[in-house]
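Structure data (TSV, C-alpha atoms and all ligand atoms) from entry-v6.tsv:
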```tsv
chain	number	residue	atom	x	y	z
C	4	MET	CA	90.27	10.54	62.52
C	5	LYS	CA	92.35	8.13	60.44
C	6	ILE	CA	92.32	8.26	56.64
C	7	LEU	CA	93.92	5.52	54.61
C	8	VAL	CA	94.66	6.40	51.00
C	9	PHE	CA	95.69	4.09	48.19
C	10	GLY	CA	96.41	5.54	44.75
C	11	GLY	CA	97.65	3.86	41.60
C	12	SER	CA	97.02	3.28	37.93
C	13	PHE	CA	95.10	0.08	38.72
C	14	ASP	CA	95.44	-1.00	35.10
C	15	PRO	CA	94.32	-3.58	36.18
C	16	VAL	CA	94.10	-4.14	39.94
C	17	HIS	CA	95.79	-7.44	40.86
C	18	LYS	CA	95.47	-9.63	43.92
C	19	GLY	CA	98.71	-8.20	45.33
C	20	HIS	CA	97.02	-4.79	45.50
C	21	VAL	CA	93.96	-6.35	47.12
C	22	ALA	CA	96.00	-8.25	49.72
C	23	MET	CA	97.92	-5.08	50.64
C	24	LEU	CA	94.83	-2.93	51.04
C	25	LYS	CA	93.08	-5.64	53.05
C	26	LYS	CA	96.02	-5.91	55.43
C	27	ALA	CA	96.39	-2.13	55.66
C	28	ILE	CA	92.72	-1.75	56.60
C	29	SER	CA	93.05	-4.42	59.29
C	30	VAL	CA	96.22	-2.85	60.75
C	31	VAL	CA	95.49	0.89	60.43
C	32	LYS	CA	91.75	0.55	61.19
C	33	PRO	CA	90.91	3.73	59.28
C	34	ASP	CA	87.68	5.64	59.71
C	35	VAL	CA	87.58	5.94	55.96
C	36	THR	CA	89.63	4.58	53.07
C	37	HIS	CA	90.13	6.43	49.77
C	38	VAL	CA	91.01	4.45	46.68
C	39	VAL	CA	92.20	6.97	44.11
C	40	PRO	CA	92.84	5.74	40.56
C	41	ALA	CA	95.44	7.88	38.81
C	42	TYR	CA	94.20	9.96	35.91
C	43	HIS	CA	97.73	10.42	34.63
C	44	SER	CA	100.49	9.04	36.82
C	45	PRO	CA	103.60	11.27	36.91
C	46	PHE	CA	105.65	8.09	36.54
C	47	LYS	CA	103.98	6.58	33.51
C	48	ALA	CA	102.91	7.41	30.02
C	49	LYS	CA	99.17	8.11	30.12
C	50	SER	CA	97.33	4.89	30.86
C	51	PRO	CA	95.70	3.54	27.71
C	52	THR	CA	92.70	2.12	29.59
C	53	PRO	CA	89.99	4.75	30.10
C	54	PHE	CA	89.67	6.10	33.63
C	55	LYS	CA	86.03	5.04	33.82
C	56	LEU	CA	86.95	1.39	33.28
C	57	ARG	CA	89.88	1.48	35.71
C	58	MET	CA	87.50	2.94	38.29
C	59	GLN	CA	85.01	0.13	37.60
C	60	MET	CA	87.77	-2.44	38.02
C	61	ALA	CA	88.93	-0.84	41.27
C	62	LYS	CA	85.37	-0.96	42.63
C	63	ALA	CA	84.98	-4.61	41.62
C	64	ALA	CA	88.33	-5.66	43.11
C	65	PHE	CA	88.48	-3.57	46.30
C	66	GLY	CA	84.76	-3.08	46.97
C	67	PRO	CA	84.24	-6.37	48.84
C	68	LEU	CA	87.01	-5.48	51.35
C	69	ASP	CA	85.18	-2.76	53.22
C	70	LYS	CA	81.95	-0.81	52.93
C	71	LYS	CA	83.73	2.36	54.02
C	72	ILE	CA	85.90	2.66	50.91
C	73	VAL	CA	85.45	5.89	48.99
C	74	PHE	CA	86.23	5.38	45.31
C	75	ASP	CA	87.55	8.80	44.62
C	76	ASP	CA	87.66	10.42	41.15
C	77	TYR	CA	89.67	13.37	42.49
C	78	GLU	CA	92.40	12.92	39.87
C	79	LEU	CA	89.92	12.75	37.01
C	80	LYS	CA	88.28	15.99	38.17
C	81	ARG	CA	91.66	17.61	38.56
C	82	GLY	CA	92.83	16.47	35.13
C	83	GLY	CA	96.48	16.30	34.02
C	84	LYS	CA	99.18	14.93	36.31
C	85	THR	CA	98.57	14.69	40.03
C	86	TYR	CA	101.46	14.26	42.44
C	87	SER	CA	101.01	12.42	45.74
C	88	TYR	CA	101.64	15.55	47.82
C	89	GLN	CA	98.69	17.20	46.03
C	90	LEU	CA	96.52	14.23	46.92
C	91	VAL	CA	97.60	14.61	50.54
C	92	GLN	CA	96.77	18.34	50.48
C	93	TYR	CA	93.34	17.58	49.05
C	94	LEU	CA	92.62	15.06	51.84
C	95	GLN	CA	93.84	17.54	54.48
C	96	LYS	CA	91.34	20.06	53.19
C	97	ARG	CA	88.55	17.52	53.12
C	98	TYR	CA	89.25	16.09	56.61
C	99	LYS	CA	90.60	18.68	59.03
C	100	ASN	CA	93.24	17.40	61.47
C	101	ALA	CA	93.06	13.84	60.22
C	102	ASP	CA	95.92	11.34	60.41
C	103	ILE	CA	96.69	10.36	56.84
C	104	PHE	CA	98.13	6.93	56.06
C	105	LEU	CA	99.53	6.70	52.54
C	106	LEU	CA	99.68	3.12	51.25
C	107	VAL	CA	102.41	2.55	48.67
C	108	GLY	CA	103.89	-0.49	46.93
C	109	THR	CA	107.06	-1.83	48.55
C	110	ASP	CA	108.99	-1.11	45.36
C	111	CYS	CA	108.22	2.60	45.75
C	112	LEU	CA	109.84	2.90	49.17
C	113	ASN	CA	113.39	3.43	47.95
C	114	ASP	CA	112.25	6.04	45.44
C	115	LEU	CA	110.00	8.06	47.73
C	116	HIS	CA	112.65	10.69	48.38
C	117	ALA	CA	112.66	11.51	44.68
C	118	TRP	CA	108.90	12.12	44.60
C	119	LYS	CA	107.88	15.69	44.01
C	120	ASN	CA	107.64	17.61	47.28
C	121	ALA	CA	108.49	14.41	49.19
C	122	GLU	CA	109.22	16.37	52.38
C	123	TYR	CA	105.59	17.49	52.46
C	124	ILE	CA	104.45	13.88	52.25
C	125	PHE	CA	106.84	12.79	55.04
C	126	ALA	CA	105.77	15.67	57.29
C	127	ASN	CA	102.06	15.07	56.85
C	128	THR	CA	101.51	11.32	56.48
C	129	THR	CA	102.54	7.93	57.71
C	130	VAL	CA	103.77	5.89	54.75
C	131	VAL	CA	102.39	2.34	54.83
C	132	SER	CA	103.89	-0.48	52.78
C	133	GLY	CA	103.93	-4.24	52.55
C	134	ARG	CA	107.02	-6.40	52.33
C	135	ARG	CA	107.62	-8.37	49.19
C	136	LYS	CA	109.72	-11.49	49.10
C	137	GLY	CA	113.18	-10.79	47.74
C	138	PHE	CA	112.85	-7.00	47.92
C	139	ARG	CA	115.25	-5.03	50.11
C	140	GLU	CA	114.31	-1.56	51.10
C	141	ASN	CA	116.82	1.03	52.29
C	142	LYS	CA	116.53	2.37	55.82
C	143	VAL	CA	113.84	5.00	55.73
C	144	SER	CA	113.96	8.30	57.57
C	145	PHE	CA	110.26	9.10	57.48
C	146	LYS	CA	107.25	7.90	59.46
C	147	HIS	CA	106.75	4.42	58.11
C	148	LEU	CA	104.46	1.54	59.00
C	149	GLU	CA	105.43	-1.82	57.58
C	150	LEU	CA	102.54	-4.23	57.27
C	151	PRO	CA	103.12	-7.68	58.77
C	152	GLY	CA	103.55	-10.67	56.47
C	153	GLN	CA	104.74	-10.90	52.91
C	154	PHE	CA	102.91	-9.93	49.75
C	155	PRO	CA	102.99	-11.66	46.37
C	156	LYS	CA	105.24	-10.44	43.60
C	157	MET	CA	102.74	-9.23	41.04
C	158	SER	CA	102.56	-6.34	38.65
C	159	SER	CA	99.82	-4.90	36.48
C	160	THR	CA	102.25	-4.83	33.55
C	161	ARG	CA	102.77	-8.58	33.90
C	162	VAL	CA	99.05	-9.22	34.14
C	163	ARG	CA	98.44	-7.21	30.96
C	164	ALA	CA	101.23	-9.07	29.14
C	165	HIS	CA	99.79	-12.40	30.30
C	166	ILE	CA	96.32	-11.57	28.98
C	167	LEU	CA	97.71	-10.23	25.70
C	168	ALA	CA	99.85	-13.35	25.22
C	169	SER	CA	97.28	-15.98	26.14
C	170	GLY	CA	93.87	-14.40	25.69
C	171	GLU	CA	93.10	-15.62	29.20
C	172	ILE	CA	92.79	-13.79	32.48
C	173	PRO	CA	94.96	-15.33	35.24
C	174	SER	CA	92.48	-16.21	37.99
C	175	ASP	CA	95.28	-16.39	40.57
C	176	LYS	CA	96.09	-12.73	39.94
C	177	VAL	CA	92.81	-11.02	39.00
C	178	PRO	CA	89.63	-11.11	41.15
C	179	ALA	CA	86.69	-12.74	39.32
C	180	ALA	CA	84.43	-9.67	39.44
C	181	GLU	CA	87.16	-7.59	37.84
C	182	ALA	CA	87.87	-10.28	35.22
C	183	ALA	CA	84.24	-9.99	34.09
C	184	ILE	CA	84.78	-6.27	33.36
C	185	ILE	CA	87.94	-7.05	31.39
C	186	VAL	CA	86.05	-9.59	29.29
C	187	LYS	CA	83.00	-7.39	28.80
C	188	ASN	CA	85.16	-4.51	27.55
C	189	ASP	CA	87.64	-6.56	25.52
C	190	LEU	CA	90.60	-5.09	27.41
C	191	TYR	CA	94.31	-5.93	27.23
C	192	GLY	CA	94.22	-7.52	23.77
C	193	LEU	CA	91.18	-9.78	24.15
C	194	ASP	CA	89.84	-8.04	21.01
C	195	GLN	CA	92.95	-9.14	19.11
C	196	HIS	CA	92.47	-12.72	20.25
C	197	ARG	CA	88.89	-12.70	19.02
C	198	TRP	CA	90.07	-11.44	15.62
C	199	LEU	CA	92.91	-13.95	15.39
C	200	LYS	CA	90.60	-16.85	16.29
C	201	ALA	CA	88.21	-15.78	13.54
C	202	HIS	CA	90.88	-15.31	10.85
C	203	LEU	CA	93.53	-17.95	11.51
C	204	LYS	CA	93.41	-21.73	11.50
C	205	PRO	CA	93.42	-23.19	15.05
C	206	ASN	CA	97.04	-24.39	14.72
C	207	ARG	CA	98.21	-20.99	13.56
C	208	TYR	CA	96.37	-19.30	16.43
C	209	LEU	CA	98.00	-21.70	18.90
C	210	HIS	CA	101.39	-21.00	17.28
C	211	SER	CA	100.82	-17.26	17.77
C	212	ILE	CA	100.19	-17.82	21.47
C	213	LYS	CA	103.31	-19.97	21.81
C	214	VAL	CA	105.43	-17.37	20.01
C	215	ALA	CA	104.04	-14.64	22.29
C	216	GLU	CA	104.94	-16.78	25.32
C	217	SER	CA	108.50	-17.28	24.03
C	218	CYS	CA	108.74	-13.55	23.38
C	219	ALA	CA	107.73	-12.90	27.00
C	220	VAL	CA	110.46	-15.21	28.31
C	221	LEU	CA	113.14	-13.66	26.09
C	222	SER	CA	112.02	-10.11	26.79
C	223	ASP	CA	112.81	-10.68	30.47
C	224	ILE	CA	116.31	-11.90	29.69
C	225	TYR	CA	117.15	-9.18	27.16
C	226	GLU	CA	115.37	-6.33	28.96
C	227	VAL	CA	112.85	-5.53	26.28
C	228	PRO	CA	109.45	-4.36	27.61
C	229	ALA	CA	107.36	-7.53	27.95
C	230	GLU	CA	104.20	-5.95	26.58
C	231	LYS	CA	105.97	-4.88	23.38
C	232	ALA	CA	107.48	-8.32	22.85
C	233	VAL	CA	104.19	-10.08	23.52
C	234	GLN	CA	102.34	-7.68	21.21
C	235	ALA	CA	104.76	-8.45	18.38
C	236	GLY	CA	104.50	-12.18	19.08
C	237	ILE	CA	100.74	-12.51	19.23
C	238	PHE	CA	100.08	-10.62	16.00
C	239	HIS	CA	103.11	-11.64	13.91
C	240	ASP	CA	101.19	-14.12	11.73
C	241	ALA	CA	97.88	-12.24	11.47
C	242	GLY	CA	98.31	-12.04	7.69
C	243	LYS	CA	98.67	-15.83	7.38
C	244	GLY	CA	94.96	-16.12	6.73
C	245	LEU	CA	95.33	-14.39	3.35
C	246	SER	CA	95.88	-16.36	0.15
C	247	ALA	CA	98.82	-15.63	-2.18
C	248	ASP	CA	96.68	-13.46	-4.46
C	249	GLU	CA	95.14	-11.66	-1.51
C	250	LEU	CA	98.57	-10.96	-0.02
C	251	ILE	CA	99.85	-9.47	-3.27
C	252	ALA	CA	96.71	-7.34	-3.66
C	253	PHE	CA	96.88	-6.27	0.00
C	254	CYS	CA	100.52	-5.14	-0.25
C	255	LYS	CA	100.01	-3.42	-3.63
C	256	LYS	CA	96.94	-1.55	-2.44
C	257	ARG	CA	98.85	-0.11	0.51
C	258	ARG	CA	102.01	0.43	-1.53
C	259	LEU	CA	104.08	-1.27	1.15
C	260	LYS	CA	107.81	-0.87	0.72
C	261	ILE	CA	109.06	-4.45	0.54
C	262	PRO	CA	112.57	-5.35	-0.63
C	263	HIS	CA	112.54	-7.64	-3.69
C	264	PHE	CA	108.75	-7.25	-3.90
C	265	GLU	CA	108.36	-8.20	-7.56
C	266	ALA	CA	110.48	-11.32	-7.14
C	267	ILE	CA	108.60	-12.34	-3.98
C	268	CYS	CA	105.25	-11.91	-5.78
C	269	ARG	CA	106.53	-14.10	-8.60
C	270	CYS	CA	108.27	-16.79	-6.58
C	271	GLU	CA	106.98	-16.98	-2.97
C	272	PRO	CA	104.08	-14.64	-2.17
C	273	ALA	CA	103.53	-16.32	1.23
C	274	LEU	CA	106.59	-14.37	2.43
C	275	LEU	CA	104.46	-11.23	2.22
C	276	HIS	CA	102.40	-12.30	5.23
C	277	SER	CA	104.78	-10.64	7.70
C	278	PHE	CA	104.42	-7.24	6.02
C	279	ALA	CA	100.65	-7.71	5.83
C	280	SER	CA	100.55	-8.63	9.54
C	281	ALA	CA	102.28	-5.38	10.49
C	282	SER	CA	99.81	-3.38	8.40
C	283	LEU	CA	96.86	-5.22	9.91
C	284	ALA	CA	98.14	-4.52	13.43
C	285	LYS	CA	98.18	-0.82	12.66
C	286	GLU	CA	94.91	-0.68	10.75
C	287	LEU	CA	92.76	-2.92	12.92
C	288	PHE	CA	94.11	-2.30	16.40
C	289	GLY	CA	95.85	1.06	16.15
C	290	ILE	CA	99.27	-0.31	17.05
C	291	LYS	CA	101.62	2.54	16.26
C	292	ASP	CA	104.85	1.52	18.01
C	293	LYS	CA	107.39	1.48	15.16
C	294	GLU	CA	109.60	-1.10	16.84
C	295	ILE	CA	106.71	-3.54	17.22
C	296	LEU	CA	105.56	-3.01	13.62
C	297	LYS	CA	109.11	-3.39	12.29
C	298	ALA	CA	109.63	-6.62	14.28
C	299	ILE	CA	106.41	-8.08	12.86
C	300	ALA	CA	107.27	-7.00	9.31
C	301	GLU	CA	110.73	-8.57	9.41
C	302	HIS	CA	110.00	-11.74	11.34
C	303	THR	CA	110.26	-13.88	8.19
C	304	LEU	CA	113.19	-12.41	6.30
C	305	GLY	CA	114.96	-10.35	8.95
C	306	SER	CA	116.85	-7.21	8.02
C	307	LEU	CA	120.31	-5.74	8.41
C	308	GLN	CA	119.15	-3.43	11.21
C	309	MET	CA	117.29	-5.69	13.59
C	310	SER	CA	116.46	-4.32	17.04
C	311	PRO	CA	116.62	-6.64	20.07
C	312	LEU	CA	112.81	-6.95	19.75
C	313	SER	CA	113.10	-8.00	16.09
C	314	LYS	CA	115.73	-10.58	17.00
C	315	ILE	CA	113.56	-11.94	19.81
C	316	LEU	CA	110.57	-12.37	17.51
C	317	PHE	CA	112.62	-13.90	14.69
C	318	VAL	CA	114.09	-16.48	17.07
C	319	ALA	CA	110.86	-17.07	19.02
C	320	ASP	CA	108.97	-17.73	15.77
C	321	ILE	CA	111.27	-20.51	14.67
C	322	SER	CA	111.68	-22.09	18.10
C	323	SER	CA	108.32	-21.68	19.86
C	324	LYS	CA	107.08	-24.64	21.90
C	325	ASP	CA	104.62	-25.75	19.21
C	326	ARG	CA	107.51	-26.35	16.76
C	327	LYS	CA	108.20	-30.06	16.76
C	328	TYR	CA	111.50	-30.42	14.83
C	329	LYS	CA	114.50	-31.16	17.04
C	330	ASP	CA	116.41	-27.93	16.35
C	331	ALA	CA	113.54	-25.91	17.81
C	332	PHE	CA	114.57	-27.03	21.28
C	333	VAL	CA	118.24	-26.27	20.57
C	334	ILE	CA	117.45	-22.74	19.33
C	335	ARG	CA	115.06	-22.15	22.23
C	336	THR	CA	117.73	-23.13	24.74
C	337	LEU	CA	120.46	-21.18	22.95
C	338	ALA	CA	118.23	-18.10	22.80
C	339	MET	CA	118.13	-17.97	26.59
C	340	GLN	CA	121.94	-17.82	26.71
C	341	ASP	CA	122.97	-15.86	23.64
C	342	LEU	CA	120.48	-14.10	21.38
C	343	GLU	CA	123.02	-13.37	18.63
C	344	LYS	CA	124.09	-17.00	18.37
C	345	ALA	CA	120.46	-18.11	18.40
C	346	LEU	CA	119.69	-15.64	15.61
C	347	LEU	CA	122.54	-17.03	13.50
C	348	TYR	CA	121.32	-20.58	14.13
C	349	ALA	CA	117.73	-19.61	13.33
C	350	ALA	CA	118.74	-17.90	10.07
C	351	ASN	CA	120.76	-21.00	9.15
C	352	ARG	CA	117.83	-23.36	9.81
C	353	LYS	CA	115.47	-21.13	7.84
C	354	LEU	CA	117.75	-21.20	4.80
C	355	TRP	CA	118.10	-24.98	4.97
C	356	PHE	CA	114.34	-25.51	5.38
C	357	THR	CA	113.82	-23.43	2.27
C	358	ILE	CA	116.47	-25.30	0.28
C	359	ASP	CA	115.27	-28.70	1.52
C	360	SER	CA	111.72	-27.96	0.45
C	361	GLN	CA	113.06	-26.78	-2.92
C	362	LYS	CA	111.60	-23.32	-2.53
C	363	TRP	CA	112.92	-20.01	-3.77
C	364	LEU	CA	115.49	-18.31	-1.56
C	365	CYS	CA	114.69	-14.65	-1.10
C	366	PRO	CA	117.79	-12.44	-1.48
C	367	SER	CA	116.82	-10.75	1.82
C	368	GLY	CA	117.36	-14.05	3.65
C	369	ILE	CA	120.76	-14.49	2.02
C	370	GLU	CA	121.70	-10.90	2.82
C	371	LEU	CA	120.76	-11.48	6.46
C	372	TRP	CA	122.85	-14.66	6.59
C	373	ASN	CA	125.93	-12.97	5.12
C	374	HIS	CA	125.50	-10.01	7.44
C	375	LEU	CA	125.28	-12.24	10.54
C	376	VAL	CA	128.27	-14.37	9.49
C	377	GLU	CA	130.35	-11.30	8.81
C	378	ARG	CA	129.46	-9.85	12.20
C	379	ALA	CA	130.11	-13.12	14.04
C	380	ALA	CA	133.59	-13.47	12.45
L	1	FE	FE	105.25	-15.92	9.97
L	2	FE	FE	105.02	-17.66	12.91
```
For the file at hand, write its structure as structure tokens.
Amino acid sequence: MKILVFGGSFDPVHKGHVAMLKKAISVVKPDVTHVVPAYHSPFKAKSPTPFKLRMQMAKAAFGPLDKKIVFDDYELKRGGKTYSYQLVQYLQKRYKNADIFLLVGTDCLNDLHAWKNAEYIFANTTVVSGRRKGFRENKVSFKHLELPGQFPKMSSTRVRAHILASGEIPSDKVPAAEAAIIVKNDLYGLDQHRWLKAHLKPNRYLHSIKVAESCAVLSDIYEVPAEKAVQAGIFHDAGKGLSADELIAFCKKRRLKIPHFEAICRCEPALLHSFASASLAKELFGIKDKEILKAIAEHTLGSLQMSPLSKILFVADISSKDRKYKDAFVIRTLAMQDLEKALLYAANRKLWFTIDSQKWLCPSGIELWNHLVERAA
């Protein structure tokens, strides 16, 4: 008896997963296939999407492939972390003397030796994987079946970042039946998009999307997690819907610590929107990541201790594709080559915009400028 097993976070399943399982079923010809969503992958922080929904998505995406698929909640029942060798032991108990084929992503192949109790897996299964364009695996010393053909370069992380940035589900990456579950349950930031659409003017909402997209591009270059960058980008202007009086009241009520607060309230209360946006992200959507909240809070005035994420957002905000002035293109291009130089340029442009429009210059903006010039010297 042949058992094919495919485990993963499936948060969400993408068409690369589906293509691999389809090919594996056609090559291995298993008597039964187990799809086993991880309850808590040993390799990842606990998945934020509830198990029940990830199981629903797995059923929607993989179900049409084969009637003989068992959607297995073994890991949920077990609770805690489950290692692959434990999954293999469970299947051995369930199916005596079966041949077990363990389907893994190509990217896992080179790391398999480091998996817990890897020798047990090698001794008791055939590892099945698909080839991905551009990926080179090391020579493997275990029983390995490589699926014919090539499989698309996709990742669940990228799919989540795409949905969070755009509010849309990429139909080339997510099966339609699964997309319906994502929409129905407001997953991957669709709830934030609904809120932003309701509270921001259409142009401001579009700007937020464009900033999130720029953040995604820069996060790749500067090795910042894409989801964090996109999260900061999409919500950075959430507080823009508040009037000057509302912003002041909002910040006072929460006793937010804002440098030069009294002067800002007197001279340019609109500057408070970035601090309000960070608070809203935390209050409305439970965003707790300090780096994300700090990047949102300082996207207007910067600070003297900006993280790479803060720098990315600051630069993306002033140079996103919806910005029409000619320097936006220059900063956008520069940002892809040198983030520090782009930050200096962006801070410069911001100061000149403020002076040109005869507005009050916040001391924080001047402090940032002096700090960047001193560092660049
Ligand atoms: Fe802003
Ligand atoms: Fe903005």
For C:Ile103, find every residue with an atom within 7 Å (counting all atoms listed in the file), except residues of its own chain fewer than 6 positions away, and show them as a PyMOL selection string.
chain C and resi 5-7+128-129
Within 7 Å of ligand FE 2 (chain L), which residues of chain C come that close, and what is the closest atom pair and distance in Å for each? Count only C-alpha atoms and all ligand atoms and give it as a tab-separated table.
```
residue	atom	partner	partner_atom	distance
C:His210	CA	L:FE2	FE	6.6
C:Ser211	CA	L:FE2	FE	6.4
C:His239	CA	L:FE2	FE	6.4
C:Asp240	CA	L:FE2	FE	5.3
C:Asp320	CA	L:FE2	FE	4.9
```
Which value, in Å to one decimal, gives the distance between atom CA of C:Gly170 and atom CA of C:Leu190?
10.0 Å
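In this model, the gap between atom CA of C:Glu301 and atom CA of C:His196 comes to 21.6 Å.
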What residues have an atom no more than 12 Å from (91.2, 15.2, 34.0) in the file's own frame, counting all atoms listed in the file, and can you write them as a CSV table (one decimal) with C-alpha atoms, in the frame of the given file?
```
chain,number,residue,atom,x,y,z
C,40,PRO,CA,92.8,5.7,40.6
C,41,ALA,CA,95.4,7.9,38.8
C,42,TYR,CA,94.2,10.0,35.9
C,43,HIS,CA,97.7,10.4,34.6
C,44,SER,CA,100.5,9.0,36.8
C,49,LYS,CA,99.2,8.1,30.1
C,53,PRO,CA,90.0,4.8,30.1
C,54,PHE,CA,89.7,6.1,33.6
C,55,LYS,CA,86.0,5.0,33.8
C,76,ASP,CA,87.7,10.4,41.2
C,77,TYR,CA,89.7,13.4,42.5
C,78,GLU,CA,92.4,12.9,39.9
C,79,LEU,CA,89.9,12.8,37.0
C,80,LYS,CA,88.3,16.0,38.2
C,81,ARG,CA,91.7,17.6,38.6
C,82,GLY,CA,92.8,16.5,35.1
C,83,GLY,CA,96.5,16.3,34.0
C,84,LYS,CA,99.2,14.9,36.3
C,85,THR,CA,98.6,14.7,40.0
```
